[in-house]
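Participant: Provided herewith is a single structure, encoded as structure tokens, for subsequent inquiry.
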Amino acid sequence: MPIPTPFHDHRTHRSRGSESAASAPPLSTHASTTASLPTGSVTNLVDVENDGSEQKSADQLQALNSQLQVENRIKEGAENLLQMQLDDDLKVQVEEELEMAQNKIDAIMKKIENYNTRAGRRGAHAPEGSRKKFNGAPLNALKPKDEVEEREDFRTALQEAMGYLRTLHKLSGPYPLSPPTSPSSSNMSSAQNDTELNRLRVENMNKLIGVLQRNLRVRYDLNIPDVVQAVIPALADSATKQSRATAYRLIRHMLVSTQSVDKLKEHALDWYLVRSLARDNKHVVEKEQAIKLIRAIVEIGSLRRGPGAAVGSGTVPLSDPVMRAFMAIAEHPDDPFKSICIQTLVEILLIDIQLMARTGGIRLLLHALSEDSVEIAPLISSAFLYIADSPRTRAYLHLGTDLEMAMSGVTDAYGKGPDHAERMRGTTKLIVSMLRTWSGLMYFCAHDKLALRTLVDGLRIPTLPTRDMILDMFFDLFNIKPPEWHQAFLDGRRLTMYRRARPKDSQRTADISLNKHDTLKLTDQFVALLILVFNAAGLMDALTSMLEETSSSEAPTGSSISRKATLLMAEVLQTANKVLPLSIAAKIQALPGVFNLAADYEHGEHRIVGTSTLSAIDTYNRHRTRQQVTTPKDVSRPRANSIEDAVRRGQRQVEQARIKLGMQMDDRGFQALLLDSQVLATKDQTKWNFDILQDLIEGPLLNPKRMEEAIKASRYMRKLISFYHPFAHRFSDLSKSKSNIRWVKLGCMLMNTLLSSTEGIRFLSEDELMSQIMKSFAQLDPLNATQTQDALFSKKRMQDTLTYGYFEMLGILSKRKEGLELLEKVKLFTAFYHLSELRSREDLIKSMVENLDYSIDGHSRIVLSKTLTSSYREIRLYATNHLGELIRGNTQANAWTLRLLLTQLYDPDLEIQAVAVRYLEEACDASEVLEMIVEMHPTLDHLGDIGNGLLLKFMSTTMGFRYLYADDYIDREMDAWFHERNLHYVFHIEVFLSKAFGSTPLDVDDEPMLTDSIVPPHFFGVMAKTELGCRVLAEKGHFPEFAQFIRKHGFESEDQEIVLRLKSALWAVGNIGATERGLPFLEEEEIIPTILEISEKNAICSVRGTCFFVLGLISSTPQGAEILDDYHWEATLSPLGLPTGLCVPTDIENFISLPPWVPVQDADDGGNRLEPPASRGEIEVMTAIYNLANTVIANTASRTLAKMKSRREYRRIFASTTMFYRALHAISSQKYRLPVRRYIMDLFNVELNDEVVKKLGEHAVRLKMQATASSEVRARVRAMSILGRPARHHHISESEEESLSGEEEPPEVKKHPVMNLRPQSRVVGFP
């Protein structure tokens, strides 16, 4: 896959590709020569007349056609670029350029059409004698049509490409530059000739690349062997790095299919690529293009098997030399292309695992998994987990050594110090992600859970400071979310502050998170298995050993790390009590280690630790129980709580008594309160006694007599309500602050009190408050003459002042019939209708919709209906959400709210449809709401996939099923699910599980099926909920076909398509068996024993996991749980004895243990070996080169090679192409580090060019060892010394002892006696 690089944003200097600026010069030099049409084609578009205006029109038309062709090429280049993987910013920029080019094309075509129309009109009205014969092509054939333009553009581009290709062939000939024509030019040096030759090659190759980028069809008409033959000289060592980089670019752009890659393999490009990949960082441009070419070959030329083929069974057309060179970059820590090379190797691993195993790529990726950055490790681990899922690819892994390397950051942390903390933190996240997959969990459970035991034993090392991260890892792994007060527990403080008031937002967030946790039943079942596995691996014992570290000098609660261990132990016990069967959870709850410490009377410290731990766990459990929300999901009224009930009841009684006493107040006391409130004394509200005002409004003024007295006798109410008059600018000008919000609440209480008596209603109707509010709204009406610049309800005042409070007061009035009549009297609803049409005042419309009360049928509901059908999308979306919240908060089903919400299903905006569907699905959880909606007979076919969940809700009731069956929905969907959607369900459920188990949280944009359901609903499972659905299912006969497929292919492990269908059949059977009416289908077919056998014997881990969840679904009914209990799978029951849909095996070993396998051994069969060298000198050189692969003696071997190269008798060897091929063969068949590969190539005085590459091909055939080679020769070479020192007949000076310089020298190693470092070894490549 090409690597996208920055896009040059210039209309006339644009590189239409994904190349870097260094390797992609601007194409402006070529654009000026190709952006215009031939003259003849333009002159054919107009009548040939001698009139001056006609000639001017022809010139303008010619310019328009030229501009049109340029814009078409720009458009095509942008479309080609969008097909690649680009960054978000770059993609937006390209899309903008594409839109700009399209707009220009439309404008130019309109102008051309106008010119042609005027020309035709002039020709029709001209005198007969003034007309001249038109000898060109027909006018309609030359109109600016897309097909004609594309044909002409392709023909022109192909001619240009052929011209550039001929130029490149000429430059590759024996005399690329013309001979000098003057005496002065005859003195041109050879270097100048080479520079000019490279410049011409780069220029022509860039022009050819530009043509290929602008017109994709040209690539299919050019012959790739001709192109490669033309650019081969540009890849030679004598060429510049820019020339080689451009040649690689050109070859990459020529690759369009697997056939083109096969033709490319006919040319010996491997050694050029090996040479380029071994160059240093001064040749970054060349290496980048070589890597891009390799990625293009992998992406385009790889032969992937059919859809049913196993992963890694394809073929990648890369040779072993190129793979070794590519892996050397991926292995070098300082190479800038290391990351992209590792990603490419991961892709190759998933396509051709055999190639990776043969060249050592698997081992390289495993080392990268344990050593590289935390960003690339998850990508590598996911690929290996995918490989470990299938038995065919699992055989390439060595159990106990390969994937266990991912744990090295934790298991090897002892003694590393605090600097190792960052890597360990990334390793723990990686381990959690691996253990949350079936292949990872079952792989690490091999050898009696040896890997997991090693991980748990990290908690037993008392001096390890990073144990805190291991504990955090287990919190994350078990999906434990500690409460907000857990820090107080860790700090050792007493948990005495409970039931503290929380803000509404935090309370709602807690409720949502609790509901979400309750819905993830599949996650709970997997967590139950994890607890069983780690309990068997000794987790509880390791936590107990951490508690023993508490010394007698410390506090009774222990150290911080021991308290955290206690917290984890308490949470595990809580989770086990919820998700595990009682008989299994009781064994974990026993805590034998902790009780042994508490009962150890011989060692007082142990007893203190044990008793304090048990006390802390008990305190934590009791405190958590008090904090739990006690309101069931289907009950709107909070249930009585033994702790809060008395307090709440006492507060309510005190409040009622205070109001009663206030209403019975005598005249003197009432007058005293009126005076003490200071309302009659001053207009400054800051001097008013707010508490007395509140007591008056909620007490005495509720008495009609006192209200009449306050209105008529003392004019108290008139002075009080004048404070709220909008035009008085007292209340309306107060800033929106926390201290001033109380006046809004006081105004709402005042409106409520006035509406409670006849005198108050009369007073309110006669007061100017309502009329002034109406006039304030009129200021916003664009059709009203009283419209002002600084309106009272302006957007700024709504945001900064208490003006918004008028909407809350009007909302109080809308709650009563008298208040509605008052609003109608002053025509405030007319103002609301006008407000709903204001485009720029969404804040007013939202405040109006939010504060109005809709319990009484009237204008309020009409206002809501009007906003639901507003012409502005944001208003409709907000109103739809508010309507959904009204339905959610109402305890009873209201037909008018449901009818309005059903109307939103037909909104043209898809997001509004999705919101309405989501609220309807939630409302349909109540049976009465569901029946009411079904009776309305809504049409949902237009919703598509959005409405599937709602339709499945309809199917769950008999009435809804009959309605959908009469509409032919059942038959249509049943066939679709049986043939296609059943497979899609597998993808949906696995995405759901990956999001639930993964570290990434569920997104708000996810499908409702993935976030709101315990299990994504299955069509056949919903059918089985009704008797009529079971009857239809039995008539169709689909279930016996599912059962037969499971029996026949239950142990399939090769064909991935069959495995996918097997999973789909298992999910269908499990969802049918999750209902009481559907379980008889399973009993009749006797399919449950087959599923149990598959769960224990199938070789694919993900199929076993599917069976695990399916068995949990079957245990959702009491009958299913009873059946599974006979097969030693125990279901988890609720405190009332009802099954919860969770089920685990009593013996987990049979379920999690994988069958053993013999790892694939890629032994050398001798088919790639070479004949041994003939002379002693060649043997010594090759021996030293092979010794460079050994890091222990690499420095000695490098000195030896340096001595040899400086001696005269070895110069012939280092200039020999035969020995050069032997060296290339050595680095292509064994593992060499990148600096060593570069050093070996630089040893030889051989420049790579076309002639040398041909000789290397001849040497490959001539030196290849024949199959009949004698074993005696192999034995003789096998005994050769690996040090390979030359004969000591020449004194070596100190200058010859100098080692390599720079990064090309292998690292120094300590010198030891030669006899201790002289193992006998066979030199690979010799007989």
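Chain labels run A, B, ... following the order of the structure tokens; each chain numbers its residues from 1, and ligands are numbered from 1 in the order shown.
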Mind checking which residues fall within 9 Å of A:Ile461, counting only C-alpha atoms, ignoring those fewer than 4 positions away in the same chain, and posting them as a ChimeraX atom specification?

Facilitator: /A:414,457,467,546

Participant: Limited to N, CA and C atoms, could you put the picked residues into a file as a tab-separated table (two decimals), in the first residue's frame?

Facilitator:
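This is the output file part.tsv:
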chain	number	residue	atom	x	y	z
A	414	TYR	N	11.71	-7.47	37.38
A	414	TYR	CA	12.46	-7.48	38.65
A	414	TYR	C	13.85	-6.86	38.43
A	457	ASP	N	2.57	-14.77	39.75
A	457	ASP	CA	3.70	-14.81	40.69
A	457	ASP	C	4.43	-13.48	40.77
A	467	ARG	N	4.41	-3.67	41.40
A	467	ARG	CA	3.27	-4.56	41.60
A	467	ARG	C	1.94	-3.82	41.54
A	546	MET	N	0.59	-11.16	49.58
A	546	MET	CA	0.87	-9.74	49.68
A	546	MET	C	0.42	-9.19	51.03

Participant: Name all residues at most 12 Å from A:Met254 (count only C-alpha atoms; drop same-chain ones fewer than 4 positions away) and give them as a PyMOL selection string.

Facilitator: chain A and resi 161+205+208-213+215-228+247-250+258-261+263-264+293+296-297+300

Participant: What does the file look like for those residues with N, CA, C and O atoms, as a compact mmCIF listing (two decimals), in the first residue's frame?

Facilitator:
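Written out: again27.txt:
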# COMPACT_ATOMS: atom_id res chain seq x y z
N ALA A 161 3.05 9.32 -23.40
CA ALA A 161 3.75 8.29 -22.65
C ALA A 161 4.70 7.50 -23.55
O ALA A 161 5.83 7.21 -23.16
N MET A 205 11.36 10.46 -16.70
CA MET A 205 10.61 9.54 -15.85
C MET A 205 9.53 10.28 -15.07
O MET A 205 8.42 9.78 -14.90
N LEU A 208 6.69 10.94 -17.44
CA LEU A 208 5.92 9.72 -17.67
C LEU A 208 5.06 9.38 -16.46
O LEU A 208 3.91 8.95 -16.60
N ILE A 209 5.60 9.59 -15.24
CA ILE A 209 4.80 9.36 -14.03
C ILE A 209 3.60 10.30 -13.99
O ILE A 209 2.48 9.91 -13.62
N GLY A 210 3.81 11.55 -14.40
CA GLY A 210 2.70 12.49 -14.43
C GLY A 210 1.59 12.03 -15.36
O GLY A 210 0.40 12.15 -15.04
N VAL A 211 1.96 11.49 -16.52
CA VAL A 211 0.94 10.97 -17.44
C VAL A 211 0.20 9.80 -16.83
O VAL A 211 -1.03 9.69 -16.92
N LEU A 212 0.92 8.91 -16.17
CA LEU A 212 0.29 7.74 -15.55
C LEU A 212 -0.64 8.15 -14.42
O LEU A 212 -1.67 7.50 -14.19
N GLN A 213 -0.29 9.19 -13.71
CA GLN A 213 -1.15 9.64 -12.61
C GLN A 213 -2.42 10.29 -13.12
O GLN A 213 -3.48 10.14 -12.52
N ASN A 215 -3.92 9.77 -16.08
CA ASN A 215 -4.75 8.89 -16.90
C ASN A 215 -4.40 7.45 -16.57
O ASN A 215 -3.36 6.93 -16.99
N LEU A 216 -5.28 6.80 -15.83
CA LEU A 216 -5.01 5.43 -15.39
C LEU A 216 -5.01 4.44 -16.54
O LEU A 216 -4.36 3.40 -16.48
N ARG A 217 -5.75 4.73 -17.60
CA ARG A 217 -5.85 3.77 -18.70
C ARG A 217 -4.52 3.57 -19.40
O ARG A 217 -4.30 2.52 -20.01
N VAL A 218 -3.65 4.56 -19.33
CA VAL A 218 -2.36 4.44 -20.01
C VAL A 218 -1.55 3.30 -19.41
O VAL A 218 -0.79 2.62 -20.13
N ARG A 219 -1.71 3.06 -18.13
CA ARG A 219 -0.94 2.00 -17.48
C ARG A 219 -1.24 0.63 -18.09
O ARG A 219 -0.38 -0.24 -18.14
N TYR A 220 -2.49 0.44 -18.51
CA TYR A 220 -2.87 -0.86 -19.05
C TYR A 220 -2.39 -1.05 -20.49
O TYR A 220 -2.31 -2.19 -20.96
N ASP A 221 -2.11 0.03 -21.20
CA ASP A 221 -1.68 -0.08 -22.59
C ASP A 221 -0.18 -0.11 -22.75
O ASP A 221 0.33 -0.56 -23.78
N LEU A 222 0.54 0.38 -21.75
CA LEU A 222 2.00 0.30 -21.82
C LEU A 222 2.47 -1.10 -21.43
O LEU A 222 1.86 -1.76 -20.60
N ASN A 223 3.55 -1.52 -22.02
CA ASN A 223 4.11 -2.84 -21.74
C ASN A 223 5.12 -2.69 -20.62
O ASN A 223 6.14 -1.99 -20.77
N ILE A 224 4.85 -3.33 -19.50
CA ILE A 224 5.73 -3.13 -18.34
C ILE A 224 7.15 -3.64 -18.57
O ILE A 224 8.10 -3.03 -18.07
N PRO A 225 7.36 -4.73 -19.32
CA PRO A 225 8.77 -5.09 -19.58
C PRO A 225 9.54 -4.00 -20.32
O PRO A 225 10.73 -3.78 -20.04
N ASP A 226 8.89 -3.29 -21.24
CA ASP A 226 9.57 -2.20 -21.93
C ASP A 226 9.93 -1.08 -20.97
O ASP A 226 11.01 -0.50 -21.04
N VAL A 227 9.02 -0.77 -20.07
CA VAL A 227 9.28 0.29 -19.10
C VAL A 227 10.42 -0.09 -18.17
O VAL A 227 11.33 0.70 -17.90
N VAL A 228 10.39 -1.33 -17.66
CA VAL A 228 11.46 -1.76 -16.75
C VAL A 228 12.80 -1.79 -17.48
O VAL A 228 13.83 -1.37 -16.93
N ALA A 247 13.05 5.95 -10.57
CA ALA A 247 12.83 4.68 -11.29
C ALA A 247 11.91 3.76 -10.50
O ALA A 247 11.00 3.13 -11.06
N TYR A 248 12.12 3.68 -9.19
CA TYR A 248 11.22 2.87 -8.36
C TYR A 248 9.79 3.42 -8.41
O TYR A 248 8.82 2.66 -8.44
N ARG A 249 9.64 4.74 -8.40
CA ARG A 249 8.31 5.33 -8.50
C ARG A 249 7.62 4.95 -9.79
O ARG A 249 6.43 4.60 -9.81
N LEU A 250 8.36 5.03 -10.88
CA LEU A 250 7.78 4.71 -12.18
C LEU A 250 7.35 3.25 -12.24
O LEU A 250 6.26 2.93 -12.74
N THR A 258 -2.07 -8.47 -10.81
CA THR A 258 -1.13 -9.54 -10.50
C THR A 258 -0.31 -9.94 -11.73
O THR A 258 0.84 -10.35 -11.61
N GLN A 259 -0.91 -9.78 -12.92
CA GLN A 259 -0.16 -10.10 -14.14
C GLN A 259 1.01 -9.16 -14.33
O GLN A 259 2.11 -9.57 -14.74
N SER A 260 0.81 -7.88 -14.01
CA SER A 260 1.92 -6.93 -14.14
C SER A 260 3.02 -7.24 -13.14
O SER A 260 4.21 -7.09 -13.44
N VAL A 261 2.65 -7.70 -11.94
CA VAL A 261 3.67 -8.08 -10.96
C VAL A 261 4.41 -9.33 -11.43
O VAL A 261 5.64 -9.44 -11.25
N LYS A 263 5.01 -10.16 -14.53
CA LYS A 263 5.96 -9.70 -15.56
C LYS A 263 7.15 -8.99 -14.95
O LYS A 263 8.27 -9.07 -15.46
N LEU A 264 6.91 -8.28 -13.85
CA LEU A 264 8.00 -7.59 -13.18
C LEU A 264 9.00 -8.59 -12.60
O LEU A 264 10.21 -8.32 -12.57
N LEU A 293 7.57 0.58 -3.28
CA LEU A 293 7.43 -0.42 -4.34
C LEU A 293 7.16 -1.79 -3.76
O LEU A 293 6.30 -2.55 -4.26
N ALA A 296 3.61 -1.94 -2.65
CA ALA A 296 2.71 -2.06 -3.80
C ALA A 296 2.70 -3.48 -4.34
O ALA A 296 1.66 -4.00 -4.74
N ILE A 297 3.86 -4.12 -4.36
CA ILE A 297 3.92 -5.52 -4.81
C ILE A 297 3.12 -6.41 -3.88
O ILE A 297 2.38 -7.31 -4.33
N ILE A 300 -0.74 -5.47 -4.48
CA ILE A 300 -1.32 -5.76 -5.79
C ILE A 300 -1.03 -7.18 -6.23
O ILE A 300 -1.90 -7.86 -6.80

Participant: Contacts of stretch 704-715 of chain A at 9 Å or less, counting only C-alpha atoms, minus same-chain residues fewer than 4 places along, as a list in words?

Facilitator: Met663, Asp667, Phe670, Leu674, Leu680, Pro700, Lys719, Leu720, Thr753, Leu754, Ser756, Ser757, Thr758, Glu759, Gly760 and Phe763 of chain A

Participant: Could you please determine the separation between atom CA of A:Arg394 and atom CA of A:Val1069 in Å, to one decimal place?

Facilitator: 28.8 Å

Participant: Would you mind listing what lies within 12 Å of A:Asp945 as a PyMOL selection string, with only C-alpha atoms counted and same-chain residues fewer than 2 positions away left out?

Facilitator: chain A and resi 910+913-914+917+940-943+947-952+973+981+1007-1009

Participant: Among stretch 285-402 of chain A, which residues carry a DSSP assignment of helix (DSSP H, G or I), reported as a ChimeraX atom specification?

Facilitator: /A:285-301,320-331,338-351,353-359,361-371,377-389,391-394

Participant: So what do you get for atom CA of A:Ile340 versus atom CA of A:Glu288, distance-wise?

Facilitator: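 Value for the atom CA of A:Ile340-atom CA of A:Glu288 distance: 10.2 Å.
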
Participant: Which one is closest to A:Gln1161: A:His398, A:Lys795, A:Lys338, A:His283? Count only C-alpha atoms.

Facilitator: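 Checking each of A:His398, A:Lys795, A:Lys338, A:His283 against A:Gln1161, counting only C-alpha atoms, the winner is A:His398.
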
Participant: Quick one: everything within 10 Å of A:Ser1153, counting only C-alpha atoms, minus sequence neighbours fewer than 6 positions away in the same chain. Send it as a list of chain:residue names.

Facilitator: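 Result of the neighbour search: A:Leu441, A:Met442, A:Tyr443, A:Phe444, A:Cys445, A:Ala446, A:His447, A:Asp448, A:Lys449, A:Glu1096, A:Lys1097, A:Cys1101.
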
Participant: Here is a test: counting only C-alpha atoms, which residue of A:Gln574, A:Thr566, A:Ser339, A:Thr195 is nearest to A:Ile376?

Facilitator: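 Among A:Gln574, A:Thr566, A:Ser339, A:Thr195, it is A:Ser339 that comes nearest to A:Ile376.
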